[in-house]
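Working notes, beginning with the structure itself.
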Amino acid sequence: MNILHSNLKLIIIYHFKVFVFCMTKKMELNGTSASIQPDYDRKAELRAFDEAKNGVKGLVDSGVTEVPPIFHLPSPENLNSQQPELTLPTIDLQGIDNNPIRRKEVIEQVKDALESWGFFQLVNHGIPNNILEEMIKGVMGFYEQESEVKKQWYTRDMSGKTRVIYNSNFDLYAAPVTNWRDTFYCTMAPNPPEPHELPPPCRDILLEYSKQVMKLGVCLFELMSEGLGLDRNHLVDIGCADGLAVLGHYYPSCPQPEVTIGIQDHTDNDFITILLQDPIGGLKVFYQDQWTDVPPIPGALVVNAGDILQLITNDKFVSSQHKVVANKVGPRVSVASFFTTGPIETSKVYEPITELLSEDNPAKYRGTTVKKYVDYYLAKGLHTSALLHFKI
């Protein structure tokens with residue numbers, strides 16, 4: 001009971017501070033001076049938010065009508081940009097295993113997309129629609145559990161000791177802006193979990209979906225290897241498909257989407273990411289000096305290159321900036337499958353692939369283990385590029 005009272009006290013204190021801030025803002029907008037000045041201590045606010053262990057969903061469930069200050073962007077997000085519309089490439093995998101001409105076409109499409117956008121949509125990828133739908137439902141089921149049940153999974157221990165890491169904003173205390181998003185992170189390979197180590201609402205589908213995504217990832221690495229002029233198995237042989245982490249993202253509906261962000265612009269710290277998104281949308285990719293929407297296509301997956309793929313290809317394939325805007329409609333759910341061994345300690349060093357280098361194209365990066373790269377990425381937060389740190 002003491003723990004329950006302690007959690008309740010933290011929630012009440014936090015919401016009182018939010019109420020004071022919102023009332024003050026209203027008075028300022030009405031041209032009156034507030035009799036109570038908001039005592040905005042960001043660190044204390046972050047700590048109260050974290051210790052409540054309810055995430056952004058907890059705030060929305062409590063009925064907040066204005067976005068608390070820890071989530072505020074330095075300047076409002078432009079949700080109605082009228083820039084010329086660009087279209088992310090869509091690649092169809094049908095026929096690549098039994099038609100050599102078709103395979104060559106797809107290899108060229110994958111190569112072109114990763115050299116320019118760093119992203120593409122993928123159709124006829126082999127994962128059945130019912131599996132995709134069940135995975136989305138499984139993630140939703142996790143977040144719709146009673147808060148006291150969900151809190152059992154809440155942790156900020158990123159050492160790899162915990163199979164499932166659930167929290168809001170992995171870089172909560174380092175980032176200048178808190179994202180309007182909650183996430184759980186499950187390590188699925190190289191050491192597959194026992195069923196009891198996974199949350200019951202998504203246990204079975206996580207195991208099945210991971211098998212299917214791993215098979216697709218190997219297929220993509222083969223196409224990429226051929227696109228780079230390497231042996232088909234090169235990227236798999238050097239360990240690009242050794243690790244897999246599946247992340248379930250939950251973006252609650254937002255009362256003021258223009259003042260905050262679902263996830264700020266960033267790159268991924270892996271080899272590749274395979275993303276399953278629900279129909280709500282909100283993902284944007286930075287390409288040709290503008291942000292471009294990635295509209296959900298029923299049954300499609302989104303694939304993007306991560307930082308470590310850019311490093312080993314010596315900038316041949318690009319790890320592009322992307323973000324997710326907040327939305328009054330929600331919740332939005334997405335499932336990101338990261339091909340990475342993440343925090344697991346391995347001795348394998350990744351550096352630019354020798355076959356891609358020449359006198360005119362020398363190595364641009366120094367070697368690193370995946371763990372060292374991920375540790376640096378997690379420590380610095382999303383707001384700056386980790387790749388710059390490894391530049392020669």
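Every chain in the structure tokens has a letter given in the order shown (A, B, ...), and although residue numbers restart at 1 in each chain, ligands are simply numbered from 1 in the order shown.
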
With only C-alpha atoms counted and 12 Å as the cut-off, give the residues of segment 269-329 of chain A in contact with segment 91-95 of chain A, each with its shortest interatomic distance in Å and the pair that gives it, as CSV.
```
residue,atom,partner,partner_atom,distance
A:Gly299,CA,A:Asp92,CA,11.8
A:Ala300,CA,A:Asp92,CA,9.6
A:Leu301,CA,A:Ile91,CA,10.1
A:Val302,CA,A:Ile91,CA,10.0
A:Val303,CA,A:Ile91,CA,10.0
```

- Spatial neighbours of Lys323 of chain A, max dist 12 Å, only C-alpha atoms, sep filter under 4 positions, as a list in words: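 Within the cut-off, the hits are Glu77, Asn179, Trp180, Arg181, Thr260, Ile261, Gly262, Ile263, Gln264, Asp265, His266, Thr267, Asp268, Gly281, Gly282, Leu283, Lys284, Val285, Phe286, Trp291, Thr292, Asp293, Val294, Leu382 and His383 of chain A.
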
- Query: If you count only C-alpha atoms, which residues fall within 10 Å of segment 129-132 of chain A, apart from same-chain ones fewer than 4 positions away, as a VMD selection string?
  - Reply: chain A and resid 136 to 138 205 to 206 208 to 209 212 276 to 278 298 to 301 335

- Task: Can you pull out every residue within 8 Å of Thr155 of chain A, counting only C-alpha atoms, but drop anything in the same chain fewer than 3 positions away, and send it as an MDAnalysis selection string?
- Result: chainID A and resid 165:167

Kindly export the residues of the current selection with C-alpha atoms, as a tab-separated table (two decimals), in the first residue's frame.
```
chain	number	residue	atom	x	y	z
A	165	ILE	CA	12.65	-2.74	-21.59
A	166	TYR	CA	9.53	-0.60	-21.31
A	167	ASN	CA	9.71	3.14	-20.70
```

- Message: Which residue is closest to Pro252 of chain A? Choose from A:Ser168, A:Ser319, A:Gln288, A:Thr87 and count only C-alpha atoms.
- Response: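 Nearest candidate to Pro252 of chain A out of A:Ser168, A:Ser319, A:Gln288, A:Thr87: A:Ser168.
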
- Message: For a test of reading the model, state the distance in Å between atom CA of Glu345 of chain A and atom CA of Pro193 of chain A, rounded to one decimal.
- Response: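 Calculated distance between atom CA of Glu345 of chain A and atom CA of Pro193 of chain A is 17.4 Å.
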
- Task: Excluding segment 271-273 of chain A and any residue of its chain fewer than 6 positions from it, enumerate the residues within 9 Å of it, using only C-alpha atoms, and give them as a list in words.
- Result: Gly217, Phe221, Cys240, Ala241, Val302, Val303, Asn304, Ala305, Gly306, Asp307, Ile308, Leu309, Gln310, Ser319, Ala336, Ser337, Phe338, Phe339 and Thr340 of chain A

- Message: Among segment 197-272 of chain A, which ones does DSSP assign to strand (DSSP E) (computed from the backbone)? Answer as a list of chain:residue names.
- Response: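 Everything in segment 197-272 of chain A that counts as strand (DSSP E) is A:Leu244, A:Ala245, A:Val246, A:Leu247, A:Gly248, A:His249, A:Tyr250, A:Tyr251, A:Ile263, A:Gln264, A:Asp265, A:His266, A:Ile272.
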
Now that the selection is made, can you save its residues with C-alpha atoms as a PDB file, in the first residue's frame?
```
ATOM      1  CA  LEU A 244      17.234  -8.531 -33.802  1.00  0.00           C
ATOM      2  CA  ALA A 245      15.371  -6.219 -31.451  1.00  0.00           C
ATOM      3  CA  VAL A 246      11.644  -5.564 -31.852  1.00  0.00           C
ATOM      4  CA  LEU A 247      10.314  -2.244 -30.564  1.00  0.00           C
ATOM      5  CA  GLY A 248       6.629  -1.574 -29.969  1.00  0.00           C
ATOM      6  CA  HIS A 249       5.912   2.176 -30.183  1.00  0.00           C
ATOM      7  CA  TYR A 250       2.746   3.818 -28.849  1.00  0.00           C
ATOM      8  CA  TYR A 251       1.939   7.448 -29.770  1.00  0.00           C
ATOM      9  CA  ILE A 263       9.724  11.356 -32.074  1.00  0.00           C
ATOM     10  CA  GLN A 264      12.218  14.054 -32.943  1.00  0.00           C
ATOM     11  CA  ASP A 265      14.368  13.822 -36.075  1.00  0.00           C
ATOM     12  CA  HIS A 266      17.024  11.137 -35.746  1.00  0.00           C
ATOM     13  CA  ILE A 272      18.607  -1.844 -41.142  1.00  0.00           C
TER      14      ILE A 272
END
```

- Query: Of the residues A:Leu172, A:Val123, A:Ala363, A:Cys186, which is the one nearest to Gly160 of chain A, using only C-alpha atoms?
  - Reply: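 Result for the nearest residue to Gly160 of chain A: A:Cys186.
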
- Message: Let me make sure I understand: among A:Met224, A:Leu388, A:Val324, A:Leu357, which one has the smallest atom-to-atom distance to Lys111 of chain A if we use only C-alpha atoms?
- Response: A:Met224

- Message: If I take atom CA of Ile312 of chain A and atom CA of Glu115 of chain A, how far is one from the other in Å, to one decimal?
- Response: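 Separation of atom CA of Ile312 of chain A and atom CA of Glu115 of chain A: 13.5 Å.
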
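Among the candidates A:Arg366, A:Phe119, A:Glu108, A:Val177, the residue lying nearest to His322 of chain A is A:Phe119 (atoms considered: only C-alpha atoms).
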